[in-house]
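Below you'll find the structure, written out as structure tokens, and then a few comments.
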Amino acid sequence: MTLLLLAHFAAAAVAPGLAKLLNRRAFLVLALVPAAAFAWLLAQTGDVTAGRSIVEDIAWVPSLGMDFALRLGTLQWLLGLLVTGVGALALLYCAWYFKPDDPSLWRFTGVFTAFAGAMLGLVLADNLLALYIFWELTTVFSYTLIGHNPVRSANRRSATQALLVTTFGGLAMLIGTVIIGETSSYTISEMLASPPPAGALTTTAALLVLVGALTKSAQVPFHFWLPGAMAAPTPVSAYLHAASMVKAGIYLILLLEPIFADVPGWRPVLLGLGLWTMILGGWRALRQDDIKLLLAYGTVSQLGFMTVLAGVGTQAAGLAALALVLSHALFKSVLFFSVGIIDKGTGTRDLTQLHGLGRTAPVLATAATLSAASMAGLPPLVGFVAKESALTAVIESAHGPLSTTTGWLAVAGLVTGSVLTVAYSARFVWGAFATKGATGAAPSPTPFAAPHALLIAPVLLSLATLASGFFGDPLTELFHPYTETLPGAEPEHLALWHGLTPALGLTVVAIVAGLLLFVGRAPFARVQAALPEVVNAERVYQRFMKALDRFAVEVTALAQGGSLPTYLGAIFLVVILLPGVVAATALPGTEVRLWDTFSQAAVGLFVIAAAILAVRGRNRLQSVMFVGLTGYGLALLFHLHGAPDLALTQVLVETFSLVLFVLVLRMLPQDFRRRPRSGRRSRRRLWRLALAGTMGAAISTLTVVAANARIHEPISKAFPEQAYDFGHGQNVVNVTLVDIRAWDTLGEISVLVAAATGIASLVFVRTQDVERSWTRRRNQGPVTASIPRERRSVILETATRLVFHVMIALSLYLLFSGHNQPGGGFAGGLVLGLALLVRYLAGGRAELDRAAPVSAGLVLGAGLVVAALSALAPLAFGGTVLQSAVVEFDVPVWGHVKLVTAMFFDIGVYLIVIGLALDVVRSLGAGVDKQAEEDGATA
């Protein structure tokens, strides 16, 4: 099962490339993946019938005792067949549905295949958290698929609406999932064996999970997102909104029904909302002229039908629910596929404009009519079998888990919904295929031309709809392992004929009344138009979103007035009032040792004095220098505490930062602006002084409290031993970065690369000119100095060129010795970055280009590639990611060499730091020079 999931996501990863190579024929290749999964699931039919579950466990978070568990039982088998079978046919359908020159095929192929994989993972997951991850993946992928054409506002609006509604439900579901997992178990099969203890907490968790299921399956009041999602391409509607995604909520309810059926509120919510949704969906379907919207509201109605059956919770209702899930996926997929063919062949979906397609497209008309008849519950189709079983189950429930009144109200609601279903099914067939009379909108058959290959999917599924009606006994045996987990007596087998039963009588009533309602559709439409809408959920949603947007604008205008001091003051106030106050309450009783030696106290006083002078300085450069002194003082404190590696890194960072500050100050006034003092300004000054002092006290308090808050022995005490035994190095700091906590470092350097990529664009709009200027200048011949002759210093340039090579050698020494001595890739990269900075200061940007005739982006990319490859390389030798090893060998003259493979990861860090330094120097140094020259030339 794991391989099936991986195959889907691997196919999704290569799908864009296949689309570029094969165009729309890529769908034929991608269809093989769900088809293979469908074949594997069919091969497990024997085990499923026997009630044997297939389980796979993969260690996920061993420290928390969590496994990534997959389980294939009856329910998972049925939904898995629908997801993979209809998915394969949908991909096959796409191969002729889309235009060969559609520019978005590369994206659609990948997202559609990834959605199929996520949906299969949702169905197979036996862990609640894994199920939730796949649940949210389907939400994200469906958002992309609904918004397939981002140019159309309808697609964007519908995609956003579906995303927000289902995400709201997903968040509620996440809270319930965590409560259930922490109070009982995250493994679903374990909960089935040992349900969570009854109580308010379990009830709350179950209802929160139910919110997620109801939003996903478009139940009132969340039903409106599904008709809006019809802006998606037809294959998306046929797959997501008929066979797979909207079934996710029904699947979750059926999955948890044996666990939470007796939870207070579970049955009333499902029965009430299910009946309301079924009737409202059928009512709205009868008002639609767009046949795709008609089917959309019909889908809402049928989902309500399934929800009612899931809410009843007996064995008979469970059997009927599974039969309805199967029949609905078959007939509704055919109908949506048919709408796509009609739209493609005629250019319209308006039933008032369609005329005579039954004659011009007889195969399509036959397949769609069979499926519509199954939707209406006509024999001998599987829809009739499912509806008969459902009515029987609900009638029996009036004497079982439901009260007599509730049971018969449910029966009345299902019959009413069935009447509407028959009416809108007849309206669909008449509107799409009938030859209308003289009063019709079109006097002759609507021109129709569509590829015959599009008929493959609807014809196969319509045949399955017809054949399934005759396989009641086998389906009953297949579904038995699930139904026996529910309470109640064993139900009658699914069959086309059970004799003259009340359910059959109600079916006849529904069919006759539905056909009469269709015949009298004109007066009924006038009645519908005359009745006012009490509540419109979509209008409520739109008003809420408009109010939310207005509120956001008002809050933004109030909180973001464009004043940086105001922003900083707000941040400081939050820190002072929340963590600062809490830390102050914990301060009494803590131990404080201000210093160990007099030298530490002296350095601390030096840092304080430098900070005060930085604040009091009137000259910008002067203040920056004092800030730099505080950094050097901190480095000295590191050294006094016995951390030379940190001290070295601090000195290098401070030096680099100091020079960059100086480069930036070239574009700013020399002195801070001094405003004449007034009473109001004096009060502001006192307010800022008080805020700064309080913030400093809060941070100091937090530091003291945090240092005294430890109750366990720090893990870092074991680092020195582990650094030598497992990391094969004596420099604990560097071994920690490249081995013990290398995952953190890998994430940090990835962020560093992303930050470096955006630095130039944050400084200049003309980023590419800054980054690539060296290539243009080198192509123009000899490079001339960019510093005017009167400002050049031959002695400085000569000394710089001599020192430059020494600094390169020093950087390499720090790189290669960093595993055992102070240094490492970060420190070495900073030294080389300083060397480049010195070359720029001595000779300008032309000198910088001579020293580093390479793109900063290339260096950054190379560093990230080296780090990633060194992280993955151990996998080729049977190791784990980022695992290090020692390689020892003898070299003539050099002698014995001991090489730790973590050094290659450190080389990647080294290159990234160099690339960042080069990018910064070109942006803040050479870029500023170039902009100043261009502005001067313009002036």
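Quick note on naming: the chains in the structure tokens go A, B, ... in the order shown, residues restart at 1 in each chain, and ligands are numbered from 1 in order of appearance.
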task = Give me the residues within 6 Å of range 470-476 of chain A as a list in words, counting only C-alpha atoms and dropping any in the same chain fewer than 3 places off.
result = Ala467, Phe479, His480, His493, Leu494 and Ala495 of chain A
query = Which polymer residues have any atom within 10 Å of an atom of Ala198 in chain A, counting only C-alpha atoms, with same-chain residues fewer than 4 positions away left out, as a list in words?
reply =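 My list of contacting residues is Thr202, Thr203, Phe260, Asp262, Val263 and Pro264 of chain A.
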request  = Give me, please, the distance in Å between CA of Thr655 in chain A and CA of Gly628 in chain A, quoted to one decimal.
outcome  =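 One can read the CA of Thr655 in chain A to CA of Gly628 in chain A distance as 7.7 Å.
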query = Neighbours of range 13-16 of chain A within 10 Å (only C-alpha atoms; same-chain residues fewer than 5 positions away dropped), as JSON, numbers by chain?
reply = {"A": [7, 8, 21, 22, 23, 26, 27, 29, 30, 104, 105, 106, 107, 108, 109, 110, 111, 112, 113, 114]}
request  = Report as a count of residues only: the residues of range 109-307 of chain A with a DSSP assignment of alpha helix (DSSP H), based on the backbone of this structure.
outcome  = 151
task = Quick one: everything within 6 Å of range 141-153 of chain A, counting only C-alpha atoms, minus sequence neighbours fewer than 3 positions away in the same chain. Send it as number ranges by chain.
result = A: 115, 138, 156-157, 159, 163, 232
query = For Glu591 in chain A, which residue out of A:Phe544, A:Phe606, A:Leu872, A:Thr701 is the nearest one, using only C-alpha atoms?
reply =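 When distances to Glu591 in chain A are compared using only C-alpha atoms, the smallest one comes from A:Thr701.
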inquiry  = Which residues are near Ala698 in chain A? Cut-off 8 Å, only C-alpha atoms, ignore same chain within fewer than 4 positions. Put them as a list in words.
reply    = Val575, Ile576, Gly580, Val581, Ala583, Ala584, Thr694 and Leu702 of chain A
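Proximity to range 68-84 of chain A at 6 Å, evaluated using only C-alpha atoms and with sequence-adjacent residues fewer than 6 positions away removed, yields Pro34, Phe38, Val48, Ser53, Ile54, Val55, Glu56, Asp57, Ile58, Trp60, Val123, Leu124, Ala125, Asp126, Asn127, Ser244 and Tyr482 of chain A.
Here CA of Val211 in chain A stands at a distance of 10.7 Å from CA of Val165 in chain A.
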query = Which residue, A:Leu640, A:Ala570, A:Leu924, A:Ala611, has the smallest gap to Met667 in chain A when you use only C-alpha atoms?
reply = A:Leu924
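Here CA of Val866 in chain A is placed at a distance of 23.2 Å from CA of Val921 in chain A.
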message = Using only C-alpha atoms, which protein or nucleic acid residues come within 8 Å of Leu28 in chain A? Drop anything in the same chain fewer than 4 positions from it, and give the result as a list in words.
response =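 Result of the neighbour search: Leu32, Leu91, Leu92 and Ala95 of chain A.
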Please write the residues from the selection above to a file, keeping N, CA and C atoms, as a PDB file, in the first residue's frame.
ATOM      1  N   LEU A  32      -2.051   4.907 -15.791  1.00  0.00           N
ATOM      2  CA  LEU A  32      -1.586   3.562 -15.434  1.00  0.00           C
ATOM      3  C   LEU A  32      -1.380   3.421 -13.926  1.00  0.00           C
ATOM      4  N   LEU A  91      -8.508  10.356 -15.791  1.00  0.00           N
ATOM      5  CA  LEU A  91      -7.269  10.705 -16.488  1.00  0.00           C
ATOM      6  C   LEU A  91      -7.353  10.313 -17.962  1.00  0.00           C
ATOM      7  N   LEU A  92      -7.971   9.158 -18.226  1.00  0.00           N
ATOM      8  CA  LEU A  92      -8.168   8.733 -19.614  1.00  0.00           C
ATOM      9  C   LEU A  92      -9.055   9.730 -20.349  1.00  0.00           C
ATOM     10  N   ALA A  95      -7.363  12.956 -21.572  1.00  0.00           N
ATOM     11  CA  ALA A  95      -6.498  12.883 -22.740  1.00  0.00           C
ATOM     12  C   ALA A  95      -7.177  13.415 -23.996  1.00  0.00           C
TER      13      ALA A  95
END
query = Using only C-alpha atoms, which residue out of A:Lys717, A:Lys99, A:Phe656, A:Phe661 lies closest to Ile914 in chain A?
reply =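 The answer is A:Phe656, which sits nearest to Ile914 in chain A.
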